[in-house]
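Encoded as structure tokens, the structure appears first; notes follow it.
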Amino acid sequence: MAKKNKFSKAQYLSWYESMYLMRKFEEKLSQLYIQRKFGGFLHLYIGQEAVVAGAVSATKPEDNMITAYRCHAHPIGKGTDIKYMMAELYGKTTGLSKGKGGSMHMFDVSKRVFGGHGIVGGQIPLGAGLAFAEKYKGTDAVTMCSMGDGAIRQGALHEAFNMAMTWKLPVIYIIENNKYAMGTSVERTSNVTELYKIGLSYDMPGEAVDGMDVEAVHNAIEKAAKHCREGKGPYLLEMETYRFKGHSMSDPRKYRTKAEEEEYQDDDPISKVLKTIKANKYATDKQIEKIHDKVKNQILDAIKFAEDSPFPEPEAMYEDIYAEDYPFIKD
């Protein structure tokens, strides 16, 4: 029997296409990395797609998003054209940051995506800063600041939480709890394993959310965003999720069992959305295949764009170091 829900056919199809693009983009990056098409680090988001998809659908285009170095899905969810992301990975001048940022530093200010940060926990106080700017300007925009379960051990989190609550900043802090900080389980790093409770000492409201369920993510983010827009300050959400791949491409994943990995495969967020689509007859098999073909062609076009784009000239290393024409800088 079809599952009753509050979401429309269009919403489920939008979720499916967005998450499917995230998944296939990441899978292709894994192949390209092995082929040495680009170097550096590569951290894949495979398995966690519902966290971004549900967050985007529950918020507005003008809301901000900032995250850590596992940052490919976030701009995709916000609508960034993947050809510019692919070019960035290839180190080409047509990339989002002219090829100077790479995999861990995906920025698209036009979509309100402020990184991609390689320093563990470095984005947490920056998220408070983005929210402070919105409050200062008098907008009703909220900032979604994501972090991993390992990054929350950084002292900067406590400083940022204290200021965010004191100043009642409109920031939604999202802990993407995929169970392991690199290769160390949550249980081995903290006495507090229900991570949303970290905010309690600051009177920051929070809750745990099924991060493998896009509907649950949407509902939680929608509630948190309303709280922020009403001037009540920050909100902390612990998204309980799982990465199907290693911490990075160099991770053999020996710290977790095959049985555990297989168990979470049954909880694949994309498969669950597809199941709802089919149960409610929102799309035929042919229409689903059309989405798959569209995504495949987008990725192929992105690769061609990246490979055809030029590398930066050596003198480009001296450019984009300082902000030019910054309004507060006077001659």
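Here's how to read the names in the structure tokens: chain A, B, ... by the order shown, residue numbers from 1 in each chain, ligand numbers from 1 in the order shown.
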Exercise: Thr276 (chain A) partners within 12 Å, only C-alpha atoms, chain neighbours under 3 positions left out, as a ChimeraX atom specification: /A:1-5,7-9,11-13,15-16,213-215,269-273,279-283
Selected residues, C-alpha atoms, written as a tab-separated table (two decimals), in the first residue's frame, please.
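The resulting file, out04.tsv, is shown below:
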chain	number	residue	atom	x	y	z
A	1	MET	CA	0.00	0.00	0.00
A	2	ALA	CA	1.29	3.48	-0.93
A	3	LYS	CA	2.73	5.45	1.93
A	4	LYS	CA	0.83	8.61	2.85
A	5	ASN	CA	2.98	11.69	3.26
A	7	PHE	CA	5.23	15.84	0.29
A	8	SER	CA	4.27	16.20	-3.36
A	9	LYS	CA	5.15	14.09	-6.37
A	11	GLN	CA	9.25	17.01	-4.34
A	12	TYR	CA	10.04	13.31	-4.41
A	13	LEU	CA	11.19	13.48	-8.01
A	15	TRP	CA	14.89	14.74	-4.23
A	16	TYR	CA	15.58	11.66	-6.29
A	213	ASP	CA	15.63	9.64	5.61
A	214	VAL	CA	15.21	12.77	3.47
A	215	GLU	CA	11.70	13.38	4.82
A	269	PRO	CA	18.40	7.07	1.34
A	270	ILE	CA	18.18	7.13	-2.46
A	271	SER	CA	16.64	3.67	-2.63
A	272	LYS	CA	14.04	4.71	-0.05
A	273	VAL	CA	12.96	7.72	-2.12
A	279	ALA	CA	4.76	2.82	-4.60
A	280	ASN	CA	2.81	5.99	-5.36
A	281	LYS	CA	3.26	5.64	-9.15
A	282	TYR	CA	4.88	9.09	-9.32
A	283	ALA	CA	7.01	7.97	-12.27
Region 145-261 of chain A residues near region 21-40 of chain A within 12 Å, closest pair each, using only C-alpha atoms, as JSON lines:
{"residue": "A:Arg243", "atom": "CA", "partner": "A:Arg23", "partner_atom": "CA", "distance": 11.5}
{"residue": "A:Phe244", "atom": "CA", "partner": "A:Arg23", "partner_atom": "CA", "distance": 10.8}
{"residue": "A:Lys245", "atom": "CA", "partner": "A:Glu27", "partner_atom": "CA", "distance": 10.1}
{"residue": "A:Gly246", "atom": "CA", "partner": "A:Ser30", "partner_atom": "CA", "distance": 11.3}
{"residue": "A:Ser248", "atom": "CA", "partner": "A:Ser30", "partner_atom": "CA", "distance": 10.0}
{"residue": "A:Met249", "atom": "CA", "partner": "A:Ser30", "partner_atom": "CA", "distance": 7.6}
{"residue": "A:Ser250", "atom": "CA", "partner": "A:Ile34", "partner_atom": "CA", "distance": 10.5}
For the selection just defined, write its residues with C-alpha atoms to a file, as a short mmCIF file (atom, residue, chain, number, x, y, z; two decimals), in the first residue's frame.
data_model
loop_
_atom_site.label_atom_id
_atom_site.label_comp_id
_atom_site.auth_asym_id
_atom_site.auth_seq_id
_atom_site.Cartn_x
_atom_site.Cartn_y
_atom_site.Cartn_z
CA ARG A 243 29.26 7.01 4.71
CA PHE A 244 29.30 3.97 2.46
CA LYS A 245 32.93 4.59 1.46
CA GLY A 246 36.05 5.29 3.49
CA SER A 248 39.00 9.34 1.98
CA MET A 249 40.21 7.41 -1.06
CA SER A 250 43.24 6.16 0.91
#
Test item: residues at most 12 Å from region 197-202 of chain A, only C-alpha atoms, excluding those fewer than 2 positions along its chain, as a PyMOL selection string: chain A and resi 149+152-153+157-168+172-175+190-195+204-208+233-238
Can you pull out every residue within 12 Å of Asn297 (chain A), counting only C-alpha atoms, but drop anything in the same chain fewer than 3 positions away, and send it as a PyMOL selection string? chain A and resi 21+24-25+82-83+290-294+300-304
List every residue of region 120-165 of chain A that DSSP, applied to the backbone, labels as strand (DSSP E), and write the result as number ranges by chain. A: 143-148
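The nearest approach to Glu62 (chain A) among the residues A:Arg112, A:Ala128, A:Asp285, A:Met317, with only C-alpha atoms taken into account, belongs to A:Arg112.
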DSSP on the backbone, helix (DSSP H, G or I) only: what residues of region 39-273 of chain A does that give? Format it as an NGL selection string. :A and (49-57 or 73-78 or 82-89 or 109-111 or 123-137 or 151-153 or 155-166 or 186-188 or 195-202 or 214-229 or 258-265 or 269-273)
Just the residues within 10 Å of region 89-91 of chain A, please, counting only C-alpha atoms, with nothing from its chain fewer than 2 positions along; format it as number ranges by chain. A: 29, 32-33, 36-40, 42, 83-87, 93-106, 303, 306-307, 309-312
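Among the candidate residues A:Thr139, A:Ser18, A:Thr67, A:Asn178, the one lying nearest to Gly231 (chain A) is A:Thr139, with distances computed using only C-alpha atoms.
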Leaving out Ala53 (chain A) and any residue of its chain fewer than 2 positions from it, which residues lie within 10 Å of it when counting only C-alpha atoms, given as an NGL selection string? :A and (14-19 or 22 or 48-51 or 55-58 or 73-74 or 76-78 or 213-215 or 217-218)
Restricting it to N, CA and C atoms, dump the selection as an mmCIF file, in the first residue's frame.
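The resulting file, out_39.cif, is shown below:
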data_model
loop_
_atom_site.group_PDB
_atom_site.id
_atom_site.type_symbol
_atom_site.label_atom_id
_atom_site.label_comp_id
_atom_site.auth_asym_id
_atom_site.auth_seq_id
_atom_site.Cartn_x
_atom_site.Cartn_y
_atom_site.Cartn_z
ATOM 1 N N SER A 14 12.209 15.587 -7.371
ATOM 2 C CA SER A 14 13.325 16.531 -7.206
ATOM 3 C C SER A 14 14.384 15.958 -6.273
ATOM 4 N N TRP A 15 13.951 15.383 -5.162
ATOM 5 C CA TRP A 15 14.886 14.740 -4.229
ATOM 6 C C TRP A 15 15.663 13.632 -4.924
ATOM 7 N N TYR A 16 14.940 12.809 -5.665
ATOM 8 C CA TYR A 16 15.580 11.662 -6.293
ATOM 9 C C TYR A 16 16.643 12.112 -7.293
ATOM 10 N N GLU A 17 16.286 13.056 -8.149
ATOM 11 C CA GLU A 17 17.248 13.507 -9.155
ATOM 12 C C GLU A 17 18.464 14.173 -8.514
ATOM 13 N N SER A 18 18.232 14.987 -7.496
ATOM 14 C CA SER A 18 19.334 15.668 -6.821
ATOM 15 C C SER A 18 20.271 14.668 -6.145
ATOM 16 N N MET A 19 19.714 13.745 -5.389
ATOM 17 C CA MET A 19 20.547 12.763 -4.686
ATOM 18 C C MET A 19 21.225 11.799 -5.652
ATOM 19 N N MET A 22 24.205 13.574 -7.010
ATOM 20 C CA MET A 22 25.281 13.566 -6.007
ATOM 21 C C MET A 22 26.005 12.228 -6.005
ATOM 22 N N GLN A 48 25.321 9.719 2.412
ATOM 23 C CA GLN A 48 24.860 10.819 3.255
ATOM 24 C C GLN A 48 23.994 11.841 2.497
ATOM 25 N N GLU A 49 23.598 11.511 1.272
ATOM 26 C CA GLU A 49 22.957 12.486 0.387
ATOM 27 C C GLU A 49 21.671 13.095 0.942
ATOM 28 N N ALA A 50 20.941 12.350 1.744
ATOM 29 C CA ALA A 50 19.666 12.851 2.262
ATOM 30 C C ALA A 50 19.840 14.077 3.151
ATOM 31 N N VAL A 51 21.001 14.192 3.800
ATOM 32 C CA VAL A 51 21.240 15.324 4.701
ATOM 33 C C VAL A 51 21.212 16.639 3.920
ATOM 34 N N ALA A 55 17.926 19.321 3.606
ATOM 35 C CA ALA A 55 18.235 20.667 4.104
ATOM 36 C C ALA A 55 17.894 21.723 3.060
ATOM 37 N N VAL A 56 18.231 21.444 1.807
ATOM 38 C CA VAL A 56 17.967 22.410 0.732
ATOM 39 C C VAL A 56 16.467 22.572 0.488
ATOM 40 N N SER A 57 15.738 21.473 0.490
ATOM 41 C CA SER A 57 14.302 21.560 0.206
ATOM 42 C C SER A 57 13.528 22.274 1.315
ATOM 43 N N ALA A 58 14.086 22.301 2.521
ATOM 44 C CA ALA A 58 13.392 22.907 3.662
ATOM 45 C C ALA A 58 13.769 24.368 3.876
ATOM 46 N N ALA A 73 28.603 17.383 -2.364
ATOM 47 C CA ALA A 73 27.145 17.280 -2.439
ATOM 48 C C ALA A 73 26.454 18.609 -2.117
ATOM 49 N N HIS A 74 27.066 19.422 -1.280
ATOM 50 C CA HIS A 74 26.422 20.650 -0.827
ATOM 51 C C HIS A 74 26.154 21.637 -1.963
ATOM 52 N N ILE A 76 26.024 20.869 -5.132
ATOM 53 C CA ILE A 76 25.100 20.199 -6.051
ATOM 54 C C ILE A 76 23.671 20.380 -5.565
ATOM 55 N N GLY A 77 23.452 20.174 -4.279
ATOM 56 C CA GLY A 77 22.121 20.341 -3.711
ATOM 57 C C GLY A 77 21.587 21.756 -3.877
ATOM 58 N N LYS A 78 22.483 22.732 -3.790
ATOM 59 C CA LYS A 78 22.082 24.138 -3.920
ATOM 60 C C LYS A 78 21.967 24.591 -5.376
ATOM 61 N N ASP A 213 17.023 9.457 6.036
ATOM 62 C CA ASP A 213 15.630 9.644 5.607
ATOM 63 C C ASP A 213 15.436 11.108 5.222
ATOM 64 N N VAL A 214 15.292 11.386 3.933
ATOM 65 C CA VAL A 214 15.214 12.768 3.468
ATOM 66 C C VAL A 214 13.989 13.490 4.013
ATOM 67 N N GLU A 215 12.910 12.765 4.252
ATOM 68 C CA GLU A 215 11.705 13.381 4.815
ATOM 69 C C GLU A 215 11.972 13.867 6.238
ATOM 70 N N VAL A 217 14.869 14.596 7.535
ATOM 71 C CA VAL A 217 15.799 15.722 7.477
ATOM 72 C C VAL A 217 15.052 17.012 7.140
ATOM 73 N N HIS A 218 14.214 16.956 6.124
ATOM 74 C CA HIS A 218 13.439 18.141 5.731
ATOM 75 C C HIS A 218 12.622 18.685 6.899
#
Between CA of Thr59 (chain A) and CA of Asp108 (chain A), measure the distance and give it in Å to one decimal.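 Atom-to-atom, CA of Thr59 (chain A) and CA of Asp108 (chain A) are spaced 17.1 Å apart.
Each of A:Arg70, A:Lys179, A:Lys254, A:Lys60 was checked against Ala225 (chain A) using only C-alpha atoms; the smallest atom-to-atom distance is that of A:Lys60.
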So which one's closest to Cys228 (chain A), A:Pro314, A:Gly79, A:Pro170, A:Pro125? Using only C-alpha atoms, please.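 Among A:Pro314, A:Gly79, A:Pro170, A:Pro125, it is A:Pro170 that comes nearest to Cys228 (chain A).
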Quote the spacing between CA of Gly118 (chain A) and CA of Ala131 (chain A) in Å to one decimal place. 20.5 Å
